[in-house]
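Quick notes on the structure that follows.
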Amino acid sequence: MRIKVCGITRVNDLQGLVANQVDYAGFIFYERSPRFAASRIDARSVRETTGIRKVGVFVNASAEQIKRTVTDYALDMVQLHGDETPEFCAAIREIVPVIKAFRIGKNVNWETELAAFVPVTDYFLFDTASEKGYGGTGERFNWELLQQYPFDHPFLLSGGIAPEDAAIIGTLQLPALFAIDINSKFEEAPGIKQLDKVKQFVDDVRQITK
């Protein structure tokens, strides 16, 4: 089971993820987010960090902004967390692998809402629909909905995952589940990670799912 830690804003936290062999680090390039990376961590530090795959998170950004940020930060992939179309995803995917995020509410029509995105993305990410904003809300949707997921397309599970959820994750029978995405429940403040909690969670998940 792969682990992604999103909302990175400090070099020390990024280096801590590398030390703990976390698979993916997420950097949010959405100005309204309290974890907006561009104002808190310099591009060169991210660009020169190796040993972890770097994911840029964008919400309804222009293709030009995404391309420029991918180059500046040496991003390995992008996560499109807004209302991007399949055509937009396809265009960005010509440059870098794409994760398309979907906000899950009380129910979901998988075929209607997701089918068109399968051939133009590399992964999906399922987060919790919330009036608080695009991700990082600390709220969890009903994971039982994922039992009806009809595709082979791999996905990341996000939305309010807490340190004590490792055991629950270990019981999920979801063949397409590719990675766990953690964020706000592992912070002392927005963008300030508690690396001891991250390390324990990573150890627990890998022990349970190995």
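Chain identifiers are assigned as A, B, and so on, following the order in which chains appear in the structure tokens; residues are numbered from 1 within each chain, and ligands are numbered from 1 in order of appearance.
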
Sort by chain and increasing residue number a table of all residues of stretch 46-117 of chain A within 6 Å of stretch 25-33 of chain A, each with its closest pair of atoms and their distance in Å to one decimal, counting only C-alpha atoms, and write it as a tab-separated table.
residue	atom	partner	partner_atom	distance
A:Lys54	CA	A:Ala25	CA	5.1
A:Val55	CA	A:Gly26	CA	4.7
A:Gly56	CA	A:Phe27	CA	5.0
A:Val57	CA	A:Ile28	CA	4.6
A:Phe58	CA	A:Phe29	CA	5.4

Show me, as a PyMOL selection string, the residues that have an atom within 12 Å of A:Gln15 when counting only C-alpha atoms, minus same-chain residues fewer than 2 positions from it. chain A and resi 8-13+17-22+24-25+45-46+48-52+193+195

For A:Arg44, work out the shell of residues within 9 Å, counting only C-alpha atoms and skipping chain neighbours fewer than 6 positions away, then give it as a PyMOL selection string. chain A and resi 72-74

Let's have the selection written as a PDB file, in the first residue's frame, with all heavy atoms.
ATOM      1  N   ASP A  72       8.976  24.339 -12.774  1.00  0.00           N
ATOM      2  CA  ASP A  72       9.656  25.043 -11.681  1.00  0.00           C
ATOM      3  C   ASP A  72       9.956  24.120 -10.504  1.00  0.00           C
ATOM      4  O   ASP A  72      11.018  24.221  -9.875  1.00  0.00           O
ATOM      5  CB  ASP A  72       8.811  26.222 -11.201  1.00  0.00           C
ATOM      6  CG  ASP A  72       8.766  27.364 -12.209  1.00  0.00           C
ATOM      7  OD1 ASP A  72       9.566  27.332 -13.170  1.00  0.00           O
ATOM      8  OD2 ASP A  72       7.925  28.265 -12.038  1.00  0.00           O
ATOM      9  N   TYR A  73       8.996  23.246 -10.179  1.00  0.00           N
ATOM     10  CA  TYR A  73       9.122  22.397  -8.990  1.00  0.00           C
ATOM     11  C   TYR A  73       9.551  20.969  -9.327  1.00  0.00           C
ATOM     12  O   TYR A  73       9.647  20.136  -8.425  1.00  0.00           O
ATOM     13  CB  TYR A  73       7.804  22.369  -8.215  1.00  0.00           C
ATOM     14  CG  TYR A  73       7.507  23.645  -7.458  1.00  0.00           C
ATOM     15  CD1 TYR A  73       6.991  24.768  -8.110  1.00  0.00           C
ATOM     16  CD2 TYR A  73       7.755  23.747  -6.095  1.00  0.00           C
ATOM     17  CE1 TYR A  73       6.712  25.943  -7.421  1.00  0.00           C
ATOM     18  CE2 TYR A  73       7.487  24.916  -5.395  1.00  0.00           C
ATOM     19  CZ  TYR A  73       6.973  26.009  -6.062  1.00  0.00           C
ATOM     20  OH  TYR A  73       6.699  27.173  -5.381  1.00  0.00           O
ATOM     21  N   ALA A  74       9.773  20.679 -10.596  1.00  0.00           N
ATOM     22  CA  ALA A  74      10.128  19.322 -11.044  1.00  0.00           C
ATOM     23  C   ALA A  74       9.112  18.302 -10.542  1.00  0.00           C
ATOM     24  O   ALA A  74       9.464  17.276  -9.952  1.00  0.00           O
ATOM     25  CB  ALA A  74      11.540  18.947 -10.595  1.00  0.00           C
TER      26      ALA A  74
END

Out of A:Trp110, A:Phe124, A:Phe36, A:Tyr149, which residue has the shortest atom-to-atom distance to A:Val98 when counting only C-alpha atoms?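 Checking each of A:Trp110, A:Phe124, A:Phe36, A:Tyr149 against A:Val98, counting only C-alpha atoms, the winner is A:Phe124.
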
Which residues are near stretch 161-173 of chain A? Cut-off 12 Å, only C-alpha atoms, ignore same chain within fewer than 6 positions. Put them as an MDAnalysis selection string. chainID A and resid 1:6 126:128 135:149 179:187 194:210

Name the residues of chain A that come out as strand (DSSP E or B) in a backbone DSSP run; write them as a PyMOL selection string. chain A and resi 2-5+24-28+36+53-58+77-80+98-104+123-128+155-157+177-182+187-189+192-193

Would you give me, as a list of chain:residue names, the residues in stretch 72-104 of chain A that DSSP reads as alpha helix (DSSP H)?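 Taking stretch 72-104 of chain A and keeping alpha helix (DSSP H) only, one gets A:Asp72, A:Tyr73, A:Pro86, A:Glu87, A:Phe88, A:Cys89, A:Ala90, A:Ala91, A:Ile92, A:Arg93.
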
Choose the residue, out of A:Gly16, A:Pro190, A:Gly82, A:Pro119, that has the smallest atom-to-atom separation from A:Val59; count only C-alpha atoms.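 For A:Val59, the nearest of the candidates is A:Gly82.
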
I want to know what sits within 12 Å of stretch 84-89 of chain A, based on only C-alpha atoms, with residues of the same chain fewer than 5 positions away left out; could you give that as a ChimeraX atom specification? /A:58-64,66,77-79,94-102,113-124

Residues just named, written with N, CA and C atoms as a CSV table (one decimal), in the first residue's frame:
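Generated output (selection-v3.csv):
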chain,number,residue,atom,x,y,z
A,58,PHE,N,-3.8,21.1,-8.1
A,58,PHE,CA,-4.4,22.3,-8.7
A,58,PHE,C,-5.9,22.3,-8.7
A,59,VAL,N,-6.5,23.4,-8.6
A,59,VAL,CA,-7.9,23.6,-8.6
A,59,VAL,C,-8.3,24.6,-9.7
A,60,ASN,N,-8.8,24.1,-10.8
A,60,ASN,CA,-9.3,24.9,-11.9
A,60,ASN,C,-8.2,25.9,-12.4
A,61,ALA,N,-7.0,25.4,-12.4
A,61,ALA,CA,-5.9,26.3,-12.8
A,61,ALA,C,-5.8,26.2,-14.4
A,62,SER,N,-5.1,27.2,-14.9
A,62,SER,CA,-4.9,27.2,-16.4
A,62,SER,C,-3.8,26.2,-16.8
A,63,ALA,N,-3.9,25.7,-18.0
A,63,ALA,CA,-2.9,24.8,-18.5
A,63,ALA,C,-1.5,25.4,-18.4
A,64,GLU,N,-1.4,26.7,-18.7
A,64,GLU,CA,-0.1,27.4,-18.6
A,64,GLU,C,0.5,27.4,-17.2
A,66,ILE,N,-0.2,25.3,-14.8
A,66,ILE,CA,0.2,23.9,-14.4
A,66,ILE,C,1.6,23.6,-15.1
A,77,MET,N,4.0,14.4,-11.1
A,77,MET,CA,2.6,14.2,-11.6
A,77,MET,C,1.7,15.4,-11.0
A,78,VAL,N,0.5,15.5,-11.5
A,78,VAL,CA,-0.4,16.5,-11.0
A,78,VAL,C,-1.7,15.9,-10.6
A,79,GLN,N,-2.3,16.5,-9.6
A,79,GLN,CA,-3.6,16.2,-9.1
A,79,GLN,C,-4.6,17.3,-9.4
A,94,GLU,N,-0.5,14.9,-21.5
A,94,GLU,CA,0.6,14.8,-22.5
A,94,GLU,C,1.9,15.3,-22.0
A,95,ILE,N,1.8,16.0,-20.8
A,95,ILE,CA,3.0,16.5,-20.2
A,95,ILE,C,3.5,15.7,-19.0
A,96,VAL,N,2.5,15.3,-18.2
A,96,VAL,CA,2.8,14.6,-16.9
A,96,VAL,C,1.6,13.7,-16.5
A,97,PRO,N,1.8,12.7,-15.8
A,97,PRO,CA,0.7,11.8,-15.3
A,97,PRO,C,-0.3,12.6,-14.5
A,98,VAL,N,-1.5,12.2,-14.6
A,98,VAL,CA,-2.7,12.9,-14.0
A,98,VAL,C,-3.4,12.1,-13.0
A,99,ILE,N,-3.7,12.7,-11.8
A,99,ILE,CA,-4.6,12.1,-10.9
A,99,ILE,C,-5.8,13.1,-10.9
A,100,LYS,N,-7.0,12.5,-11.2
A,100,LYS,CA,-8.2,13.4,-11.2
A,100,LYS,C,-9.0,13.1,-9.9
A,101,ALA,N,-9.2,14.1,-9.1
A,101,ALA,CA,-9.9,14.0,-7.8
A,101,ALA,C,-11.4,14.2,-8.0
A,102,PHE,N,-12.2,13.5,-7.2
A,102,PHE,CA,-13.6,13.6,-7.2
A,102,PHE,C,-14.1,13.7,-5.7
A,113,GLU,N,-20.4,10.0,-13.8
A,113,GLU,CA,-19.5,11.0,-13.3
A,113,GLU,C,-18.0,10.7,-13.6
A,114,LEU,N,-17.7,9.4,-13.8
A,114,LEU,CA,-16.3,9.1,-13.9
A,114,LEU,C,-15.8,8.4,-15.2
A,115,ALA,N,-16.7,7.7,-15.9
A,115,ALA,CA,-16.3,6.9,-17.0
A,115,ALA,C,-15.5,7.6,-18.0
A,116,ALA,N,-15.9,8.9,-18.4
A,116,ALA,CA,-15.2,9.6,-19.4
A,116,ALA,C,-13.8,10.0,-19.0
A,117,PHE,N,-13.4,9.9,-17.7
A,117,PHE,CA,-12.1,10.3,-17.2
A,117,PHE,C,-11.2,9.1,-17.2
A,118,VAL,N,-11.7,7.9,-17.3
A,118,VAL,CA,-10.8,6.7,-17.2
A,118,VAL,C,-9.7,6.7,-18.3
A,119,PRO,N,-10.0,6.9,-19.6
A,119,PRO,CA,-8.9,6.9,-20.6
A,119,PRO,C,-8.0,8.1,-20.6
A,120,VAL,N,-8.3,9.1,-19.9
A,120,VAL,CA,-7.5,10.4,-20.0
A,120,VAL,C,-6.8,10.7,-18.6
A,121,THR,N,-6.8,9.7,-17.7
A,121,THR,CA,-6.1,10.0,-16.4
A,121,THR,C,-5.3,8.7,-16.1
A,122,ASP,N,-4.4,8.8,-15.1
A,122,ASP,CA,-3.7,7.7,-14.6
A,122,ASP,C,-4.2,7.1,-13.3
A,123,TYR,N,-4.8,8.0,-12.5
A,123,TYR,CA,-5.4,7.6,-11.2
A,123,TYR,C,-6.6,8.5,-10.9
A,124,PHE,N,-7.5,8.0,-10.1
A,124,PHE,CA,-8.5,8.8,-9.5
A,124,PHE,C,-8.1,9.0,-8.0

Point-to-point distance from atom CA of A:Pro154 to atom CA of A:Pro175, Å rounded to tenths: 8.3 Å
